[in-house]
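Below is target-v6.cif, which holds mmCIF, C-alpha atoms.
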```
data_work
loop_
_atom_site.label_atom_id
_atom_site.label_comp_id
_atom_site.auth_asym_id
_atom_site.auth_seq_id
_atom_site.Cartn_x
_atom_site.Cartn_y
_atom_site.Cartn_z
CA GLU A 1 -12.70 12.99 -1.55
CA PRO A 2 -9.16 14.08 -2.44
CA GLU A 3 -7.12 11.50 -4.28
CA VAL A 4 -3.63 10.76 -5.52
CA THR A 5 -3.30 10.85 -9.29
CA GLN A 6 -0.62 9.28 -11.48
CA THR A 7 0.42 9.68 -15.10
CA PRO A 8 0.74 7.95 -17.42
CA SER A 9 -1.51 5.02 -16.67
CA HIS A 10 0.56 2.82 -18.98
CA GLN A 11 4.08 3.20 -20.33
CA VAL A 12 5.96 0.97 -22.72
CA THR A 13 9.67 1.56 -23.13
CA GLN A 14 12.75 -0.08 -24.53
CA MET A 15 15.39 -1.54 -22.26
CA GLY A 16 18.01 1.06 -21.43
CA GLN A 17 15.68 4.02 -21.86
CA GLU A 18 14.89 6.51 -19.14
CA VAL A 19 11.35 6.82 -17.84
CA ILE A 20 9.74 9.34 -15.55
CA LEU A 21 6.60 8.41 -13.67
CA ARG A 22 4.56 11.27 -12.34
CA CYS A 23 2.35 11.62 -9.32
CA VAL A 24 0.27 14.37 -7.81
CA PRO A 25 -0.13 13.62 -4.10
CA ILE A 26 -3.01 14.89 -1.99
CA SER A 27 -2.43 18.60 -1.64
CA ASN A 28 -1.91 19.01 2.11
CA HIS A 29 0.09 15.82 2.59
CA LEU A 30 3.70 15.96 3.66
CA TYR A 31 5.01 12.44 3.10
CA PHE A 32 5.30 10.77 -0.27
CA TYR A 33 6.10 7.23 -1.27
CA TRP A 34 6.70 4.99 -4.22
CA TYR A 35 5.87 1.30 -4.22
CA ARG A 36 5.95 -1.25 -6.98
CA GLN A 37 4.16 -4.50 -7.65
CA ILE A 38 5.48 -7.01 -10.14
CA LEU A 39 2.64 -8.92 -11.74
CA GLY A 40 1.30 -11.56 -9.35
CA GLN A 41 3.62 -10.53 -6.52
CA LYS A 42 3.52 -8.44 -3.36
CA VAL A 43 3.43 -4.69 -3.16
CA GLU A 44 7.02 -3.62 -2.37
CA PHE A 45 8.20 -0.39 -0.77
CA LEU A 46 10.71 1.60 -2.81
CA VAL A 47 11.21 4.98 -1.17
CA SER A 48 9.72 7.56 1.16
CA PHE A 49 10.25 11.31 0.79
CA TYR A 50 9.78 14.17 3.21
CA ASN A 51 10.89 17.76 3.33
CA ASN A 52 12.55 17.50 -0.07
CA GLU A 53 14.72 14.58 0.77
CA ILE A 54 14.60 10.82 0.91
CA SER A 55 13.60 9.53 4.34
CA GLU A 56 14.10 5.86 3.65
CA LYS A 57 14.73 3.62 0.68
CA SER A 58 14.68 -0.09 0.09
CA GLU A 59 17.31 -2.31 -1.48
CA ILE A 60 15.35 -2.15 -4.72
CA PHE A 61 15.88 1.60 -4.93
CA ASP A 62 19.40 1.54 -6.34
CA ASP A 63 21.34 4.17 -8.26
CA GLN A 64 19.10 3.73 -11.30
CA PHE A 65 16.20 5.25 -9.37
CA SER A 66 15.70 8.81 -8.26
CA VAL A 67 12.81 10.84 -6.91
CA GLU A 68 12.09 14.51 -7.10
CA ARG A 69 9.48 17.02 -6.10
CA PRO A 70 10.09 19.57 -8.85
CA ASP A 71 7.32 21.92 -7.76
CA GLY A 72 4.67 22.22 -5.09
CA SER A 73 2.41 19.57 -6.53
CA ASN A 74 4.28 16.88 -8.48
CA PHE A 75 6.32 13.96 -7.19
CA THR A 76 8.29 11.98 -9.75
CA LEU A 77 10.10 8.67 -9.96
CA LYS A 78 12.83 8.42 -12.56
CA ILE A 79 14.36 5.18 -13.72
CA ARG A 80 17.57 6.11 -15.49
CA SER A 81 18.21 3.01 -17.59
CA THR A 82 15.33 0.59 -17.51
CA LYS A 83 15.82 -3.16 -17.30
CA LEU A 84 13.38 -5.92 -18.18
CA GLU A 85 12.89 -6.65 -14.49
CA ASP A 86 11.64 -3.09 -13.90
CA SER A 87 8.38 -4.08 -15.57
CA ALA A 88 5.78 -3.65 -12.86
CA MET A 89 2.94 -1.53 -11.59
CA TYR A 90 4.29 1.53 -9.79
CA PHE A 91 2.16 3.11 -7.10
CA CYS A 92 2.60 6.52 -5.60
CA ALA A 93 1.19 7.17 -2.13
CA SER A 94 0.99 10.10 0.24
CA SER A 95 0.16 10.60 3.87
CA GLY A 96 -0.61 13.55 6.09
CA GLY A 97 2.53 13.23 8.14
CA SER A 98 1.26 14.91 11.24
CA ASP A 99 2.18 13.76 14.71
CA ARG A 100 -0.97 11.76 14.85
CA VAL A 101 -0.43 8.13 15.70
CA LEU A 102 -2.96 6.90 13.20
CA GLU A 103 -1.57 7.60 9.76
CA THR A 104 -3.12 6.36 6.54
CA GLN A 105 -1.35 6.20 3.23
CA TYR A 106 -3.43 7.03 0.19
CA PHE A 107 -2.43 5.24 -2.99
CA GLY A 108 -2.75 6.37 -6.57
CA PRO A 109 -4.13 4.17 -9.35
CA GLY A 110 -0.67 3.18 -10.52
CA THR A 111 1.41 3.31 -13.68
CA ARG A 112 1.90 0.04 -15.49
CA LEU A 113 5.43 0.02 -16.87
CA LEU A 114 6.43 -2.51 -19.50
CA VAL A 115 10.08 -2.72 -20.50
CA LEU A 116 10.77 -4.51 -23.78
CA LEU B 117 8.30 -4.92 11.98
CA ALA B 118 5.97 -7.67 13.14
CA LYS B 119 5.50 -10.61 10.79
CA THR B 120 1.93 -11.38 9.84
CA THR B 121 0.31 -14.62 8.72
CA GLN B 122 -3.06 -14.76 6.99
CA PRO B 123 -4.82 -17.30 4.77
CA ILE B 124 -3.77 -17.23 1.14
CA SER B 125 -7.33 -17.37 -0.14
CA MET B 126 -10.96 -17.53 0.92
CA ASP B 127 -14.23 -18.07 -0.88
CA SER B 128 -17.61 -16.72 0.08
CA TYR B 129 -21.03 -16.03 -1.34
CA GLU B 130 -22.93 -12.82 -1.70
CA GLY B 131 -24.70 -11.76 1.48
CA GLN B 132 -22.49 -13.75 3.82
CA GLU B 133 -20.26 -12.36 6.54
CA VAL B 134 -16.57 -12.92 5.92
CA ASN B 135 -13.97 -13.07 8.68
CA ILE B 136 -10.29 -12.96 7.80
CA THR B 137 -7.91 -13.68 10.65
CA CYS B 138 -4.34 -12.47 10.80
CA SER B 139 -1.70 -13.75 13.22
CA HIS B 140 0.98 -11.37 14.50
CA ASN B 141 2.61 -13.08 17.46
CA ASN B 142 5.49 -10.62 17.84
CA ILE B 143 3.47 -7.43 17.73
CA ALA B 144 5.16 -4.61 19.63
CA THR B 145 3.57 -2.41 22.26
CA ASN B 146 3.32 0.63 20.00
CA ASP B 147 2.23 -1.28 16.88
CA TYR B 148 -1.15 -0.71 15.28
CA ILE B 149 -3.01 -3.18 13.08
CA THR B 150 -4.11 -1.92 9.71
CA TRP B 151 -5.99 -3.58 6.89
CA TYR B 152 -5.81 -2.57 3.25
CA GLN B 153 -7.84 -3.79 0.29
CA GLN B 154 -6.57 -4.08 -3.28
CA PHE B 155 -8.65 -4.60 -6.39
CA PRO B 156 -6.93 -5.89 -9.54
CA SER B 157 -4.82 -3.25 -11.25
CA GLN B 158 -5.52 -0.68 -8.55
CA GLY B 159 -3.57 0.71 -5.62
CA PRO B 160 -4.19 -0.59 -2.09
CA ARG B 161 -6.94 1.19 -0.20
CA PHE B 162 -7.10 1.69 3.56
CA ILE B 163 -10.01 -0.16 5.18
CA ILE B 164 -9.61 -0.01 8.94
CA GLN B 165 -7.09 0.38 11.72
CA GLY B 166 -7.08 -0.46 15.40
CA TYR B 167 -4.99 -1.00 18.49
CA LYS B 168 -7.15 -3.16 20.74
CA THR B 169 -10.70 -4.43 21.30
CA LYS B 170 -13.10 -3.58 18.49
CA VAL B 171 -13.18 -0.92 15.82
CA THR B 172 -16.05 -0.46 13.39
CA ASN B 173 -16.52 1.82 10.43
CA GLU B 174 -18.92 1.93 7.51
CA VAL B 175 -17.00 -0.76 5.66
CA ALA B 176 -15.77 -3.31 8.19
CA SER B 177 -15.13 -4.26 11.79
CA LEU B 178 -11.82 -5.17 13.32
CA PHE B 179 -11.65 -7.43 16.35
CA ILE B 180 -8.47 -7.53 18.39
CA PRO B 181 -8.22 -9.79 21.46
CA ALA B 182 -6.56 -8.67 24.65
CA ASP B 183 -3.20 -10.28 23.86
CA ARG B 184 -3.17 -8.57 20.41
CA LYS B 185 -1.41 -11.57 18.85
CA SER B 186 -4.09 -11.86 16.22
CA SER B 187 -6.84 -9.78 14.67
CA THR B 188 -9.93 -10.49 12.61
CA LEU B 189 -11.28 -8.36 9.81
CA SER B 190 -15.02 -8.80 9.48
CA LEU B 191 -16.86 -7.83 6.30
CA PRO B 192 -20.63 -7.92 6.78
CA ARG B 193 -22.83 -9.11 3.93
CA VAL B 194 -20.23 -9.21 1.17
CA SER B 195 -21.08 -8.50 -2.43
CA LEU B 196 -19.33 -9.42 -5.67
CA SER B 197 -17.53 -6.08 -5.54
CA ASP B 198 -15.74 -7.14 -2.35
CA THR B 199 -13.68 -9.61 -4.37
CA ALA B 200 -10.16 -8.36 -3.74
CA VAL B 201 -6.92 -9.03 -1.91
CA TYR B 202 -6.94 -8.05 1.75
CA TYR B 203 -3.70 -7.21 3.52
CA CYS B 204 -3.04 -7.20 7.25
CA LEU B 205 -0.20 -4.88 8.26
CA VAL B 206 1.27 -4.41 11.70
CA GLY B 207 3.53 -1.57 12.69
CA PHE B 208 3.78 1.87 14.12
CA SER B 209 1.62 4.07 12.03
CA GLY B 210 3.07 7.50 12.59
CA GLY B 211 5.13 9.72 10.37
CA TYR B 212 6.64 8.39 7.21
CA ASN B 213 6.74 4.74 8.06
CA LYS B 214 6.81 2.45 5.06
CA LEU B 215 4.14 -0.16 4.64
CA ILE B 216 5.31 -3.75 4.40
CA PHE B 217 2.81 -5.85 2.52
CA GLY B 218 2.61 -9.61 2.72
CA ALA B 219 0.92 -11.82 0.18
CA GLY B 220 -2.51 -10.97 1.57
CA THR B 221 -5.72 -12.98 1.47
CA ARG B 222 -7.39 -13.31 -1.90
CA LEU B 223 -11.14 -13.19 -1.27
CA ALA B 224 -13.44 -14.44 -4.00
CA VAL B 225 -17.13 -13.69 -3.59
CA HIS B 226 -19.43 -15.85 -5.68
CA PRO B 227 -23.04 -15.19 -6.73
#
```

As structure tokens, what does this structure read like?
Amino acid sequence: EPEVTQTPSHQVTQMGQEVILRCVPISNHLYFYWYRQILGQKVEFLVSFYNNEISEKSEIFDDQFSVERPDGSNFTLKIRSTKLEDSAMYFCASSGGSDRVLETQYFGPGTRLLVL
Amino acid sequence: LAKTTQPISMDSYEGQEVNITCSHNNIATNDYITWYQQFPSQGPRFIIQGYKTKVTNEVASLFIPADRKSSTLSLPRVSLSDTAVYYCLVGFSGGYNKLIFGAGTRLAVHP
């Protein structure tokens, strides 16, 4: 079964540093997403991406965050200047994006980011 | 997006059937009901989705009454590996729609 992959699985960084989280969505999917989950809390939507542009973003996704699809396979989340409160598990997801009513999002295994 | 309410936690034993009910009183006409499962330190995983009546797949069944204001996820004969958090989500499921997760139901299956 095709799956979403993410690298790295763990990342430790110093406050103020830039980090790039990488994702390889399922190959024929058209819509891509980032979510995050702070330890012990809910999964929160960050951003959705389609046709090389952001479709929707949450209040969490401020100017410190950016997303990019640099090539035909990768989807990245960049945090420009990390803060302590950015420590969380970051999940990438993708979906087929057809006109079908029933649409499932497939999640990757996550990147655990720790900001010191 | 419709608000959902589900129990914070449930306990069960191996081999039992588990039913998790979710309330969604303000569900809209074009909303679907979707359940995801999340194991610790993993991403959520789609379990089942439905609009009305009953849907069954190899993992679970989903029961939706005629008024659609609630739904019940049924897990037959649970095992220890079914210990996870189960999320009920309600919304239109097409296109790029974001998923809004609540706190979910933490299911603990005991030997």

Which residues of chain B come within 12 Å of chain A, and for each one, what is the closest pair of atoms and their distance in Å to one decimal, counting only C-alpha atoms, sorted by chain and residue number, as a Markdown table?
```
| residue | atom | partner | partner_atom | distance |
| --- | --- | --- | --- | --- |
| B:Asn146 | CA | A:Val101 | CA | 9.4 |
| B:Asp147 | CA | A:Val101 | CA | 9.8 |
| B:Tyr148 | CA | A:Leu102 | CA | 8.1 |
| B:Ile149 | CA | A:Leu102 | CA | 10.1 |
| B:Thr150 | CA | A:Thr104 | CA | 8.9 |
| B:Trp151 | CA | A:Thr104 | CA | 10.4 |
| B:Tyr152 | CA | A:Gln105 | CA | 9.8 |
| B:Gln153 | CA | A:Phe107 | CA | 11.0 |
| B:Gln154 | CA | A:Val43 | CA | 10.0 |
| B:Phe155 | CA | A:Pro109 | CA | 10.3 |
| B:Pro156 | CA | A:Gly40 | CA | 10.0 |
| B:Ser157 | CA | A:Gly110 | CA | 7.7 |
| B:Gln158 | CA | A:Pro109 | CA | 5.1 |
| B:Gly159 | CA | A:Pro109 | CA | 5.1 |
| B:Pro160 | CA | A:Phe107 | CA | 6.2 |
| B:Arg161 | CA | A:Phe107 | CA | 6.7 |
| B:Phe162 | CA | A:Thr104 | CA | 6.8 |
| B:Ile163 | CA | A:Thr104 | CA | 9.6 |
| B:Ile164 | CA | A:Thr104 | CA | 9.4 |
| B:Gln165 | CA | A:Leu102 | CA | 7.9 |
| B:Gly166 | CA | A:Leu102 | CA | 8.7 |
| B:Tyr167 | CA | A:Leu102 | CA | 9.7 |
| B:Val201 | CA | A:Lys42 | CA | 10.6 |
| B:Tyr202 | CA | A:Lys42 | CA | 11.6 |
| B:Tyr203 | CA | A:Lys42 | CA | 10.0 |
| B:Leu205 | CA | A:Thr104 | CA | 11.7 |
| B:Gly207 | CA | A:Leu102 | CA | 10.7 |
| B:Phe208 | CA | A:Val101 | CA | 7.7 |
| B:Ser209 | CA | A:Glu103 | CA | 5.3 |
| B:Gly210 | CA | A:Val101 | CA | 4.7 |
| B:Gly211 | CA | A:Gly97 | CA | 4.9 |
| B:Tyr212 | CA | A:Tyr31 | CA | 6.0 |
| B:Asn213 | CA | A:Ser48 | CA | 8.0 |
| B:Lys214 | CA | A:Phe45 | CA | 6.6 |
| B:Leu215 | CA | A:Phe45 | CA | 6.8 |
| B:Ile216 | CA | A:Phe45 | CA | 6.8 |
| B:Phe217 | CA | A:Val43 | CA | 5.8 |
| B:Gly218 | CA | A:Lys42 | CA | 6.3 |
| B:Ala219 | CA | A:Lys42 | CA | 5.5 |
| B:Gly220 | CA | A:Lys42 | CA | 8.2 |
| B:Thr221 | CA | A:Lys42 | CA | 11.4 |
| B:Arg222 | CA | A:Gly40 | CA | 11.6 |
```

Residues near Ser27 (chain A), cut-off 10 Å, all atoms listed in the file, skip fewer than 5 positions along chain, as a PyMOL selection string:
chain A and resi 2-4+72-74+94+96

For the residues selected in the previous step, produce a file with C-alpha atoms as a PDB file, in the frame of the given file.
```pdb
ATOM      1  CA  PRO A   2      -9.160  14.080  -2.440  1.00  0.00           C
ATOM      2  CA  GLU A   3      -7.120  11.500  -4.280  1.00  0.00           C
ATOM      3  CA  VAL A   4      -3.630  10.760  -5.520  1.00  0.00           C
ATOM      4  CA  GLY A  72       4.670  22.220  -5.090  1.00  0.00           C
ATOM      5  CA  SER A  73       2.410  19.570  -6.530  1.00  0.00           C
ATOM      6  CA  ASN A  74       4.280  16.880  -8.480  1.00  0.00           C
ATOM      7  CA  SER A  94       0.990  10.100   0.240  1.00  0.00           C
ATOM      8  CA  GLY A  96      -0.610  13.550   6.090  1.00  0.00           C
TER       9      GLY A  96
END
```

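Relative to CA of Phe65 (chain A), CA of Arg22 (chain A) is found at 13.4 Å.
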
Any chance you could resolve the PyMOL selection byres ((chain B and resi 168) around 8) against this file and give the residues as a compact mmCIF listing (two decimals) with C-alpha atoms, in the coordinates of the input?
```txt
# COMPACT_ATOMS: atom_id res chain seq x y z
CA GLY B 166 -7.08 -0.46 15.40
CA TYR B 167 -4.99 -1.00 18.49
CA THR B 169 -10.70 -4.43 21.30
CA LYS B 170 -13.10 -3.58 18.49
CA PHE B 179 -11.65 -7.43 16.35
CA ILE B 180 -8.47 -7.53 18.39
CA PRO B 181 -8.22 -9.79 21.46
CA ALA B 182 -6.56 -8.67 24.65
CA ARG B 184 -3.17 -8.57 20.41
```

Would you list the residues near (12.0, 6.1, -14.2), meaning any protein, DNA or RNA residue with an atom at most 12 Å from that point in file coordinates, counting only C-alpha atoms, as a PDB file with C-alpha atoms, in the frame of the given file?
```
ATOM      1  CA  PRO A   8       0.740   7.950 -17.420  1.00  0.00           C
ATOM      2  CA  GLN A  11       4.080   3.200 -20.330  1.00  0.00           C
ATOM      3  CA  VAL A  12       5.960   0.970 -22.720  1.00  0.00           C
ATOM      4  CA  THR A  13       9.670   1.560 -23.130  1.00  0.00           C
ATOM      5  CA  MET A  15      15.390  -1.540 -22.260  1.00  0.00           C
ATOM      6  CA  GLY A  16      18.010   1.060 -21.430  1.00  0.00           C
ATOM      7  CA  GLN A  17      15.680   4.020 -21.860  1.00  0.00           C
ATOM      8  CA  GLU A  18      14.890   6.510 -19.140  1.00  0.00           C
ATOM      9  CA  VAL A  19      11.350   6.820 -17.840  1.00  0.00           C
ATOM     10  CA  ILE A  20       9.740   9.340 -15.550  1.00  0.00           C
ATOM     11  CA  LEU A  21       6.600   8.410 -13.670  1.00  0.00           C
ATOM     12  CA  ARG A  22       4.560  11.270 -12.340  1.00  0.00           C
ATOM     13  CA  TRP A  34       6.700   4.990  -4.220  1.00  0.00           C
ATOM     14  CA  ARG A  36       5.950  -1.250  -6.980  1.00  0.00           C
ATOM     15  CA  PHE A  61      15.880   1.600  -4.930  1.00  0.00           C
ATOM     16  CA  ASP A  62      19.400   1.540  -6.340  1.00  0.00           C
ATOM     17  CA  ASP A  63      21.340   4.170  -8.260  1.00  0.00           C
ATOM     18  CA  GLN A  64      19.100   3.730 -11.300  1.00  0.00           C
ATOM     19  CA  PHE A  65      16.200   5.250  -9.370  1.00  0.00           C
ATOM     20  CA  SER A  66      15.700   8.810  -8.260  1.00  0.00           C
ATOM     21  CA  VAL A  67      12.810  10.840  -6.910  1.00  0.00           C
ATOM     22  CA  GLU A  68      12.090  14.510  -7.100  1.00  0.00           C
ATOM     23  CA  PHE A  75       6.320  13.960  -7.190  1.00  0.00           C
ATOM     24  CA  THR A  76       8.290  11.980  -9.750  1.00  0.00           C
ATOM     25  CA  LEU A  77      10.100   8.670  -9.960  1.00  0.00           C
ATOM     26  CA  LYS A  78      12.830   8.420 -12.560  1.00  0.00           C
ATOM     27  CA  ILE A  79      14.360   5.180 -13.720  1.00  0.00           C
ATOM     28  CA  ARG A  80      17.570   6.110 -15.490  1.00  0.00           C
ATOM     29  CA  SER A  81      18.210   3.010 -17.590  1.00  0.00           C
ATOM     30  CA  THR A  82      15.330   0.590 -17.510  1.00  0.00           C
ATOM     31  CA  LYS A  83      15.820  -3.160 -17.300  1.00  0.00           C
ATOM     32  CA  ASP A  86      11.640  -3.090 -13.900  1.00  0.00           C
ATOM     33  CA  SER A  87       8.380  -4.080 -15.570  1.00  0.00           C
ATOM     34  CA  ALA A  88       5.780  -3.650 -12.860  1.00  0.00           C
ATOM     35  CA  TYR A  90       4.290   1.530  -9.790  1.00  0.00           C
ATOM     36  CA  THR A 111       1.410   3.310 -13.680  1.00  0.00           C
ATOM     37  CA  ARG A 112       1.900   0.040 -15.490  1.00  0.00           C
ATOM     38  CA  LEU A 113       5.430   0.020 -16.870  1.00  0.00           C
ATOM     39  CA  LEU A 114       6.430  -2.510 -19.500  1.00  0.00           C
ATOM     40  CA  VAL A 115      10.080  -2.720 -20.500  1.00  0.00           C
TER      41      VAL A 115
END
```

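CA of Ala200 (chain B) is positioned 24.2 Å from CA of Cys23 (chain A).
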
In Å, with one decimal, what is the gap from CA of Thr188 (chain B) to CA of Pro123 (chain B)?
11.6 Å

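If you measure from each of B:Asn141, B:Thr121, B:Leu223, B:Asn135 to Asp198 (chain B) using only C-alpha atoms, the closest one turns out to be B:Leu223.
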
Using all atoms listed in the file, which residues sit within 9 Å of Thr120 (chain B) once same-chain residues fewer than 6 positions away are excluded, as a ChimeraX atom specification?
/B:138-143,186,204-206,218

Could you please take those selected residues and save C-alpha atoms as a short mmCIF file (atom, residue, chain, number, x, y, z; two decimals), keeping the file's coordinate frame?
```cif
data_model
loop_
_atom_site.label_atom_id
_atom_site.label_comp_id
_atom_site.auth_asym_id
_atom_site.auth_seq_id
_atom_site.Cartn_x
_atom_site.Cartn_y
_atom_site.Cartn_z
CA CYS B 138 -4.34 -12.47 10.80
CA SER B 139 -1.70 -13.75 13.22
CA HIS B 140 0.98 -11.37 14.50
CA ASN B 141 2.61 -13.08 17.46
CA ASN B 142 5.49 -10.62 17.84
CA ILE B 143 3.47 -7.43 17.73
CA SER B 186 -4.09 -11.86 16.22
CA CYS B 204 -3.04 -7.20 7.25
CA LEU B 205 -0.20 -4.88 8.26
CA VAL B 206 1.27 -4.41 11.70
CA GLY B 218 2.61 -9.61 2.72
#
```
